[in-house]
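Engineer: What follows is coords_14.cif; its format and atoms are mmCIF, C-alpha atoms.
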data_data
loop_
_atom_site.label_atom_id
_atom_site.label_comp_id
_atom_site.auth_asym_id
_atom_site.auth_seq_id
_atom_site.Cartn_x
_atom_site.Cartn_y
_atom_site.Cartn_z
CA MET A 1393 35.41 19.08 16.11
CA TYR A 1394 37.59 21.08 13.75
CA LYS A 1395 36.36 24.06 11.80
CA LEU A 1396 37.78 24.62 8.32
CA PHE A 1397 37.45 27.95 6.56
CA TYR A 1398 36.88 26.71 3.05
CA ALA A 1399 36.33 27.72 -0.56
CA ASP A 1400 35.95 25.46 -3.57
CA HIS A 1401 38.97 25.25 -5.89
CA SER A 1402 41.27 26.61 -3.18
CA ALA A 1403 44.03 24.92 -1.21
CA ALA A 1404 41.45 24.27 1.50
CA ILE A 1405 40.22 21.31 -0.52
CA GLY A 1406 43.50 19.49 0.16
CA VAL A 1407 43.07 20.00 3.91
CA ARG A 1408 39.53 18.68 3.63
CA VAL A 1409 40.88 15.47 2.07
CA ILE A 1410 43.35 15.11 4.94
CA LEU A 1411 40.50 15.46 7.44
CA GLU A 1412 38.59 12.76 5.58
CA GLU A 1413 41.65 10.50 5.54
CA ILE A 1414 42.20 10.76 9.29
CA GLY A 1415 38.49 10.46 10.04
CA ALA A 1416 38.29 13.55 12.23
CA PRO A 1417 34.94 15.36 12.55
CA TYR A 1418 34.93 18.82 11.01
CA GLU A 1419 32.66 21.66 10.02
CA LEU A 1420 33.13 23.58 6.78
CA ILE A 1421 32.84 27.35 7.00
CA ARG A 1422 32.17 28.43 3.42
CA THR A 1423 34.20 31.54 2.78
CA GLU A 1424 34.27 34.22 0.08
CA ILE A 1425 37.77 34.71 -1.34
CA ASP A 1426 37.01 36.71 -4.48
CA VAL A 1427 39.67 39.44 -4.70
CA ASP A 1428 36.98 42.05 -5.39
CA LYS A 1429 34.90 41.22 -2.33
CA PRO A 1430 35.57 41.99 1.34
CA ARG A 1431 36.73 39.27 3.67
CA SER A 1432 34.58 38.30 6.63
CA PRO A 1433 35.68 39.65 10.02
CA GLU A 1434 35.65 36.07 11.33
CA LEU A 1435 38.15 34.92 8.70
CA LEU A 1436 40.38 37.96 9.28
CA LYS A 1437 40.36 37.22 13.01
CA HIS A 1438 41.98 33.87 12.33
CA ASN A 1439 44.09 34.83 9.31
CA PRO A 1440 44.86 38.54 8.79
CA ASN A 1441 45.90 37.74 5.22
CA GLY A 1442 42.28 36.87 4.42
CA TRP A 1443 42.98 33.55 2.71
CA VAL A 1444 41.95 29.95 3.20
CA PRO A 1445 42.53 27.33 4.42
CA VAL A 1446 42.34 28.11 8.09
CA LEU A 1447 41.90 25.24 10.55
CA VAL A 1448 40.37 26.08 13.93
CA SER A 1449 40.56 23.77 16.92
CA GLY A 1450 39.18 25.19 20.13
CA ASP A 1451 40.70 28.63 20.58
CA LYS A 1452 43.69 27.87 18.32
CA SER A 1453 43.92 28.41 14.58
CA ILE A 1454 46.46 27.56 11.88
CA TYR A 1455 46.71 28.85 8.34
CA GLU A 1456 48.82 27.80 5.32
CA CYS A 1457 47.96 24.49 3.68
CA ALA A 1458 51.36 22.87 4.19
CA ALA A 1459 51.46 23.79 7.88
CA ILE A 1460 47.97 22.38 8.46
CA THR A 1461 48.87 19.23 6.53
CA ILE A 1462 51.98 18.63 8.64
CA TYR A 1463 50.05 19.33 11.84
CA LEU A 1464 47.20 16.94 11.10
CA ALA A 1465 49.34 14.13 9.68
CA ASP A 1466 51.59 14.23 12.75
CA ARG A 1467 48.69 14.49 15.17
CA TYR A 1468 47.04 11.37 13.73
CA PRO A 1469 49.95 8.99 13.03
CA GLN A 1470 47.56 6.04 12.85
CA ALA A 1471 46.36 7.38 9.48
CA GLY A 1472 49.82 6.72 8.02
CA LEU A 1473 50.02 10.01 6.12
CA ALA A 1474 53.52 11.01 7.20
CA PRO A 1475 56.82 9.31 7.95
CA ALA A 1476 57.82 9.16 11.59
CA PHE A 1477 59.98 11.99 12.93
CA ASP A 1478 63.03 9.75 12.73
CA GLY A 1479 61.92 8.00 9.53
CA ALA A 1480 64.28 7.77 6.58
CA GLU A 1481 61.86 9.62 4.28
CA ARG A 1482 60.88 12.38 6.71
CA GLY A 1483 63.15 14.96 5.05
CA LEU A 1484 61.87 14.11 1.57
CA TYR A 1485 58.27 14.36 2.78
CA LEU A 1486 58.85 17.84 4.20
CA GLN A 1487 60.76 18.86 1.09
CA TRP A 1488 57.80 18.10 -1.18
CA LEU A 1489 55.28 19.87 1.01
CA VAL A 1490 57.38 23.02 1.14
CA TYR A 1491 58.18 22.84 -2.58
CA PHE A 1492 54.50 22.55 -3.44
CA SER A 1493 53.41 25.34 -1.10
CA SER A 1494 56.10 27.76 -2.21
CA SER A 1495 57.39 27.13 -5.72
CA MET A 1496 54.35 25.39 -7.20
CA GLN A 1497 51.60 27.51 -5.71
CA ASN A 1498 53.57 30.66 -6.45
CA ALA A 1499 53.71 29.66 -10.12
CA TYR A 1500 49.93 29.24 -10.19
CA GLN A 1501 49.44 32.59 -8.48
CA MET A 1502 51.26 34.27 -11.35
CA THR A 1503 48.29 33.22 -13.51
CA TRP A 1504 45.51 34.14 -11.09
CA TYR A 1505 46.99 37.14 -9.25
CA TRP A 1506 49.34 38.75 -11.76
CA GLU A 1507 49.11 42.10 -9.93
CA ARG A 1508 51.17 40.62 -7.09
CA PHE A 1509 54.10 40.23 -9.46
CA CYS A 1510 54.17 43.52 -11.36
CA GLU A 1511 53.15 47.13 -10.91
CA ASN A 1512 51.68 47.82 -14.34
CA GLU A 1513 48.81 46.10 -16.10
CA SER A 1514 50.80 46.32 -19.31
CA ASP A 1515 53.10 43.66 -17.87
CA GLN A 1516 50.30 41.16 -17.21
CA ALA A 1517 50.94 39.17 -20.38
CA SER A 1518 54.60 38.72 -19.45
CA VAL A 1519 53.71 37.50 -15.95
CA ASN A 1520 51.14 35.08 -17.34
CA ALA A 1521 53.65 33.72 -19.85
CA ARG A 1522 56.19 33.17 -17.09
CA SER A 1523 53.54 31.37 -15.04
CA VAL A 1524 53.08 28.88 -17.86
CA THR A 1525 56.79 28.23 -18.36
CA ARG A 1526 57.36 27.99 -14.62
CA LEU A 1527 54.59 25.40 -14.23
CA GLN A 1528 56.14 23.43 -17.09
CA GLU A 1529 59.51 23.51 -15.32
CA ILE A 1530 58.22 22.60 -11.86
CA TRP A 1531 55.92 19.80 -12.97
CA GLY A 1532 58.84 18.47 -14.99
CA VAL A 1533 60.91 18.27 -11.81
CA VAL A 1534 58.13 16.36 -10.04
CA ASP A 1535 57.61 14.05 -13.00
CA ASP A 1536 61.30 13.17 -13.14
CA ALA A 1537 61.36 12.52 -9.39
CA LEU A 1538 58.47 10.05 -9.74
CA GLN A 1539 60.23 7.94 -12.35
CA GLY A 1540 60.20 4.34 -11.14
CA LYS A 1541 58.32 5.23 -7.94
CA LYS A 1542 54.83 4.30 -6.80
CA TRP A 1543 54.46 7.47 -4.70
CA LEU A 1544 56.52 10.58 -4.02
CA LEU A 1545 58.22 8.79 -1.11
CA GLY A 1546 58.66 5.53 -3.00
CA ASP A 1547 56.48 2.71 -1.68
CA GLN A 1548 54.91 4.83 1.08
CA PHE A 1549 51.76 6.84 0.38
CA SER A 1550 51.70 10.17 2.21
CA ALA A 1551 49.97 13.51 2.54
CA ALA A 1552 52.47 14.83 -0.02
CA ASP A 1553 50.72 12.74 -2.68
CA ILE A 1554 47.39 14.30 -1.70
CA TYR A 1555 48.91 17.77 -1.95
CA MET A 1556 50.35 16.94 -5.36
CA TYR A 1557 47.00 15.63 -6.58
CA MET A 1558 45.26 18.83 -5.51
CA LEU A 1559 47.75 20.87 -7.50
CA THR A 1560 47.20 18.78 -10.63
CA THR A 1561 43.51 19.73 -10.54
CA TRP A 1562 44.51 23.39 -10.90
CA LEU A 1563 46.07 22.90 -14.33
CA ASP A 1564 43.93 24.82 -16.82
CA GLU A 1565 44.71 24.46 -20.50
CA THR A 1566 42.41 27.40 -21.33
CA ARG A 1567 44.96 29.57 -19.53
CA GLY A 1568 47.83 28.04 -21.45
CA HIS A 1569 48.91 25.67 -18.69
CA PRO A 1570 50.53 22.40 -19.74
CA SER A 1571 48.32 19.33 -19.91
CA LEU A 1572 48.55 16.82 -17.07
CA GLU A 1573 49.12 14.11 -19.67
CA THR A 1574 52.41 15.86 -20.54
CA PHE A 1575 53.76 14.49 -17.26
CA SER A 1576 53.10 10.75 -17.44
CA ASN A 1577 54.45 9.87 -14.01
CA VAL A 1578 52.50 12.66 -12.30
CA ALA A 1579 49.34 11.61 -14.16
CA ARG A 1580 49.82 8.00 -13.07
CA VAL A 1581 50.17 8.90 -9.40
CA ALA A 1582 47.34 11.43 -9.58
CA GLU A 1583 45.03 8.74 -10.93
CA ALA A 1584 45.96 6.46 -8.02
CA VAL A 1585 45.30 9.23 -5.49
CA HIS A 1586 41.97 10.05 -7.12
CA ALA A 1587 40.83 6.45 -6.52
CA ARG A 1588 41.15 6.76 -2.75
CA PRO A 1589 37.77 6.85 -0.95
CA ALA A 1590 38.58 10.06 0.96
CA VAL A 1591 39.48 11.84 -2.27
CA CYS A 1592 36.34 10.59 -3.99
CA ARG A 1593 34.19 11.89 -1.14
CA VAL A 1594 35.66 15.38 -1.50
CA TYR A 1595 36.13 15.66 -5.25
CA GLY A 1596 33.23 13.46 -6.33
#
Take the structure in the file and give it back as structure tokens.
Structural biologist:
Amino acid sequence: MYKLFYADHSAAIGVRVILEEIGAPYELIRTEIDVDKPRSPELLKHNPNGWVPVLVSGDKSIYECAAITIYLADRYPQAGLAPAFDGAERGLYLQWLVYFSSSMQNAYQMTWYWERFCENESDQASVNARSVTRLQEIWGVVDDALQGKKWLLGDQFSAADIYMYMLTTWLDETRGHPSLETFSNVARVAEAVHARPAVCRVYG
């Protein structure tokens, strides 16, 4: 039985989909991540940064969405969520997971946590504007890479597609983010991911 420190609309939702895909039993530990509220001692014990997701198995814990995704997909190869270690697409699979967890999530954080990127509140508007242009740039890269492909790895569905789908749900036009429909290839793949039973169970 895994335990997943979890908050709605966070990267923990992607890990929850992975757990559903592999069919592993898990318990959700609902967690407060509001920046103005204290973190629980239990969460801080497992992740001193105070963020989710955190996956706990026995006396071991892992944080960072990409790391947990790699761990689970490799631990349950029968689920078919990752290329084999010696597979031709293994490098591309890892590339996308790292790109999403670093470049893409960082661009979103510039919208939500502007204070991490500048010292003065007077610079908030500039940080927010850069968040929008950066998301436009990064989603453009992903959209171009999907041209003529069924999934990010070509014909093989993987956990990278789940991660990508999660990130599409964070686009918020009220914050000036580009519309998903701007990126036709991303929208097409996101729709296909959304139809998967595991995704439907988590996202509704």
Engineer: For the provided coordinates, the residues matched by the PyMOL selection byres ((chain A and resi 1562) around 9) should be stated as a PyMOL selection string.
Structural biologist: chain A and resi 1401-1402+1500+1558-1561+1563-1564
Engineer: Leaving out Met1496 of chain A and any residue of its chain fewer than 3 positions from it, which residues lie within 12 Å of it when counting all atoms listed in the file, given as a PDB file with C-alpha atoms, in the frame of the given file?
Structural biologist:
ATOM      1  CA  ALA A1403      44.030  24.920  -1.210  1.00  0.00           C
ATOM      2  CA  TRP A1488      57.800  18.100  -1.180  1.00  0.00           C
ATOM      3  CA  LEU A1489      55.280  19.870   1.010  1.00  0.00           C
ATOM      4  CA  VAL A1490      57.380  23.020   1.140  1.00  0.00           C
ATOM      5  CA  TYR A1491      58.180  22.840  -2.580  1.00  0.00           C
ATOM      6  CA  PHE A1492      54.500  22.550  -3.440  1.00  0.00           C
ATOM      7  CA  SER A1493      53.410  25.340  -1.100  1.00  0.00           C
ATOM      8  CA  ALA A1499      53.710  29.660 -10.120  1.00  0.00           C
ATOM      9  CA  TYR A1500      49.930  29.240 -10.190  1.00  0.00           C
ATOM     10  CA  GLN A1501      49.440  32.590  -8.480  1.00  0.00           C
ATOM     11  CA  MET A1502      51.260  34.270 -11.350  1.00  0.00           C
ATOM     12  CA  THR A1503      48.290  33.220 -13.510  1.00  0.00           C
ATOM     13  CA  SER A1523      53.540  31.370 -15.040  1.00  0.00           C
ATOM     14  CA  VAL A1524      53.080  28.880 -17.860  1.00  0.00           C
ATOM     15  CA  THR A1525      56.790  28.230 -18.360  1.00  0.00           C
ATOM     16  CA  ARG A1526      57.360  27.990 -14.620  1.00  0.00           C
ATOM     17  CA  LEU A1527      54.590  25.400 -14.230  1.00  0.00           C
ATOM     18  CA  GLN A1528      56.140  23.430 -17.090  1.00  0.00           C
ATOM     19  CA  GLU A1529      59.510  23.510 -15.320  1.00  0.00           C
ATOM     20  CA  ILE A1530      58.220  22.600 -11.860  1.00  0.00           C
ATOM     21  CA  TRP A1531      55.920  19.800 -12.970  1.00  0.00           C
ATOM     22  CA  GLY A1532      58.840  18.470 -14.990  1.00  0.00           C
ATOM     23  CA  VAL A1533      60.910  18.270 -11.810  1.00  0.00           C
ATOM     24  CA  VAL A1534      58.130  16.360 -10.040  1.00  0.00           C
ATOM     25  CA  TYR A1555      48.910  17.770  -1.950  1.00  0.00           C
ATOM     26  CA  MET A1556      50.350  16.940  -5.360  1.00  0.00           C
ATOM     27  CA  MET A1558      45.260  18.830  -5.510  1.00  0.00           C
ATOM     28  CA  LEU A1559      47.750  20.870  -7.500  1.00  0.00           C
ATOM     29  CA  THR A1560      47.200  18.780 -10.630  1.00  0.00           C
ATOM     30  CA  TRP A1562      44.510  23.390 -10.900  1.00  0.00           C
ATOM     31  CA  LEU A1563      46.070  22.900 -14.330  1.00  0.00           C
TER      32      LEU A1563
END
Engineer: List the spatial neighbours of segment 1416-1419 of chain A as a list in words - criterion: any atom at most 7 Å away, all atoms listed in the file, same-chain residues fewer than 6 positions off excluded.
Structural biologist: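 The contact residues come out as Met1393, Tyr1394, Lys1395 and Leu1396 of chain A.
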Engineer: With distances taken over all atoms listed in the file, which residue among A:Ala1521, A:Ala1552, A:Leu1486, A:Ala1474 lies nearest Pro1570 of chain A?
Structural biologist: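 So, comparing all the options, the nearest one is A:Ala1521.
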Engineer: Let me know the residues the PyMOL selection byres ((chain A and resi 1537) around 12) catches in the file above, as an MDAnalysis selection string.
Structural biologist: chainID A and resid 1484 1488 1530:1536 1538:1546 1575:1578 1581
Engineer: Which is closest to Tyr1557 of chain A among A:Thr1423, A:Gly1479, A:Gly1406, A:Leu1473, if we use only C-alpha atoms?
Structural biologist: A:Gly1406
Engineer: Between A:Asp1428, A:Glu1565, A:Glu1573, A:Glu1456, which is the closest to Tyr1505 of chain A once you count all atoms listed in the file?
Structural biologist: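 Using all atoms listed in the file, the shortest distance to Tyr1505 of chain A belongs to A:Asp1428.
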Engineer: On this structure, which residues satisfy the PyMOL selection byres ((chain A and resi 1444) around 9), written as JSON, numbers by chain?
Structural biologist: {"A": [1396, 1397, 1398, 1399, 1402, 1403, 1404, 1423, 1425, 1435, 1439, 1441, 1442, 1443, 1445, 1446, 1447, 1455, 1456, 1457]}
Engineer: As an exercise, work out the distance from atom CA of Asp1451 of chain A to atom CA of Leu1436 of chain A in Å and give it to one decimal place.
Structural biologist: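 Between these atoms lies a distance of 14.7 Å.
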Engineer: Hey, could you pull the box centre and edge lengths for segment 1537-1556 of chain A, axis-aligned, 6 Å padding per side, all listed atoms, to one decimal in Å, as JSON?
Structural biologist:
{"center_x": 54.4, "center_y": 10.2, "center_z": -4.9, "size_x": 26.0, "size_y": 27.1, "size_z": 26.9}
